[in-house]
Number of protein chains: 2
Amino acid sequence: MASLVIDNIGSLVTNDESLGRGPLGLVEDASIVITDDVVEWIGPAGAIADRRIDADGACVLPGFVDSHTHLVFAGDRSAEFVARMAGQSYDGGGIRTTTDATRAASSDDLHALVAHRLAEAHRAGTTTVEIKSGYGLNVDDEARSLSIAGRYTDETTFLGAHLLPAEFDGRPDDYIDLVCGEMLRAATPEARWVDAFCETGAFDADQCRAVLDAGREAGLGLRLHGNQLGHGPGVQLAVECGCASVDHCTYLTDDDIAALAASDTVATFLPATDFSTRQPYPDARRVIDAGATVALASNCNPGSSYTTSISFCIALAVRDMHMTIDEAVQAVTLGGAAALRRDDVGRLTPGSAGHAVVLDAPTHHHLAYRPGVPLIRQTIGPLGES
Amino acid sequence: MASLVIDNIGSLVTNDESLGRGPLGLVEDASIVITDDVVEWIGPAGAIADRRIDADGACVLPGFVDSHTHLVFAGDRSAEFVARMAGQSYDGGGIRTTTDATRAASSDDLHALVAHRLAEAHRAGTTTVEIKSGYGLNVDDEARSLSIAGRYTDETTFLGAHLLPAEFDGRPDDYIDLVCGEMLRAATPEARWVDAFCETGAFDADQCRAVLDAGREAGLGLRLHGNQLGHGPGVQLAVECGCASVDHCTYLTDDDIAALAASDTVATFLPATDFSTRQPYPDARRVIDAGATVALASNCNPGSSYTTSISFCIALAVRDMHMTIDEAVQAVTLGGAAALRRDDVGRLTPGSAGHAVVLDAPTHHHLAYRPGVPLIRQTIGPLGES
């Protein structure tokens, strides 16, 4: 068995309260032994293994779990971004631009694009990533997107109900029938999750419920986009259907927050989206203080959030959503894992996945204290080491 | 003569309108030849030189000019940052913590810290950097800080008037006498600029004017911190004294803006500071629309802005200060150069310094479109290539 020790860790975030101090389970002056990609041992510095990384007093955390991305796409939408920053409002209509580019791209090109983005995410500390389809929007291209995503992650999500494709203009229910029927059947072999975009301008609650019901019937886990651009039925629908996560949650009523707090549905915030669309930020404090589980994710996509940087999401969550740094770090590790119903990632404890990041900093606080700085010195995870 | 060609540039920002399109002087499908660190030639792709970098269609810009940093310090103030994010207000008092740590550090340690931070800045695209003293606050330690800064840059700034050191409590005028006398004489051999912190809690207009007058008398160029935490006399004083730049400019009256617009004093914004102190952002639009010259800089320091990322400053300037991406890119190149009274940097035109950054992106728009992502593929500048 190949074993690796990360030694001389100044501050180790385990997310296991039984191992260390506070909710992050902080251990000082630690070493961690990883054998065959699983954490075998955590204890004082000085452990021995086949191979050694010297953290030199730096902070080590669980690899980030990015539970919401749309990495399978071609083209970019920088022109739309420039226009929006100049004052034009964002209505989501640009998704069709990406659909056209994605359908037109060769599979080899799409593979290369996804691999390039994943390498970037990996350098930025992400070791578990969810990838959605949703720029194919026909049977073949949705299946192709999921097949490509499935080469890189187990956390693949069928998002046929992302937006109405142009060829179904005026016939949304016909499109939903396709999504719930032939498209779902083509997607199911590669998809672990089903998702829908419940928003004015995308799909309404009944349409999204149909998609979620069909997905559940096909054996998929459920997730939902909701409450991004205004108040709406997304959160209530997600809770009613038992979704693992409802994502965006920018506009929440007291009833929405109460429903989240009483459920197992994770509220996933995507603050880089609010940054890049100049939307208000979600009121994370109300959600956390009510007792709901929260996650932070990148929502990496070419329209509303073209970033792979989880550190950037942490900095925004702390500065603009008033989360503590500890809460933000938990939200990108344990929170992301909960949003994917995973208990093997997002923590560093004997038996968990040996996915870790070594910072160029002594504590996890620096992830917010040093905004914009690429602080990830090394990432150890399923995509290798970088 | 050693020559280098950067070839296959998809989009070259020259900042020379005579060379290309628009105020950025954009040239498509270009190559640039740099000989002995000076731009020798700009033209169509395919030029030949001793050594070749293939930009592969990417964007190339002038290296960033970071005209405001405090890189010579020891210790960090992450605990203060954590407290501030939890709701404690920032009053600048923490500077004394850094003064104690800096005085106590060995010169070797300070050198290593500055070199580490400069390497980080260089990887992030900065090729010209101003470095202030201001954490010594006695004769020997200010002189030592400037001597260390001078090893890395010509743009050294004497900031003895950063904050009143503890040993002068209640005797600010005595301290200003020291700054203007013995401390200035000790600083002058290494300093190009003199600066002062004109703010409630730091020094008043008369004290700052005394420092600027003494600095001018000693042959130094003038700059000033002002209008960071509230309205105040900083901007008017800077214009009156002919400062090259007045930095922060978060709180500006109409009269302040009119004074800036009628002067050669650059208004330097430091939005990462407003981010990390949860202050409002400056109203850059009013200043630009009035016709003043503006710069963006990092203000890298351990208390209020511990970032070296000029890309992060660009993203904030676009999102939160409503600057266009073109304006923000000019502000970190031409603007920074103007704030340092330099015309050899901040542009790529025959005869200018051969300091360039190659992006992992096709256009400069991506610097704002991809927030948090380390988009600098390669930096060519006085600190080497990385």
# chains A, B, ... in the order shown; residues from 1 in each chain; ligands from 1
call {"tool": "interface_residues", "arguments": {"of": "chain B", "to": "chain A", "cutoff": "8 Å", "atoms": "only C-alpha atoms", "output": "count of residues only"}}
result
29
call {"tool": "residues_around", "arguments": {"residues": "Ala191 of chain A", "least_positions_apart": "4", "cutoff": "7 Å", "atoms": "only C-alpha atoms", "output": "PyMOL selection string"}}
result
chain A and resi 146+156-158+187
call {"tool": "residues_around", "arguments": {"residues": "Met183 of chain A", "least_positions_apart": "5", "cutoff": "10 Å", "atoms": "only C-alpha atoms", "output": "JSON, numbers by chain"}}
result
{"A": [137, 138, 139, 140, 141, 142, 143, 158, 160, 175, 176, 177, 178, 188]}
call {"tool": "select_by_dssp", "arguments": {"residues": "segment 245-318 of chain A", "states": "strand (DSSP E or B)", "output": "ChimeraX atom specification"}}
result
/A:245-248,266-269,294-296,300-301,305
call {"tool": "write_last_selection", "arguments": {"atoms": "C-alpha atoms", "output": "PDB file, in the first residue's frame"}}
result
ATOM      1  CA  SER A 245     -29.788  20.850  -1.945  1.00  0.00           C
ATOM      2  CA  VAL A 246     -31.479  23.978  -3.210  1.00  0.00           C
ATOM      3  CA  ASP A 247     -29.017  26.351  -4.781  1.00  0.00           C
ATOM      4  CA  HIS A 248     -28.747  30.162  -4.951  1.00  0.00           C
ATOM      5  CA  VAL A 266     -28.949  22.035   2.216  1.00  0.00           C
ATOM      6  CA  ALA A 267     -29.092  25.739   1.306  1.00  0.00           C
ATOM      7  CA  THR A 268     -26.252  26.238  -1.163  1.00  0.00           C
ATOM      8  CA  PHE A 269     -25.086  29.817  -1.665  1.00  0.00           C
ATOM      9  CA  VAL A 294     -25.443  25.632   4.319  1.00  0.00           C
ATOM     10  CA  ALA A 295     -22.909  25.090   1.568  1.00  0.00           C
ATOM     11  CA  LEU A 296     -20.912  27.446  -0.638  1.00  0.00           C
ATOM     12  CA  CYS A 300     -18.659  27.898 -12.399  1.00  0.00           C
ATOM     13  CA  ASN A 301     -20.374  28.692 -15.715  1.00  0.00           C
ATOM     14  CA  SER A 305     -20.028  33.071 -12.512  1.00  0.00           C
TER      15      SER A 305
END
call {"tool": "closest_residue", "arguments": {"among": "A:Thr273, A:Thr250, A:Gln236, A:Ser11", "to": "Leu359 of chain A", "atoms": "only C-alpha atoms"}}
result
A:Ser11
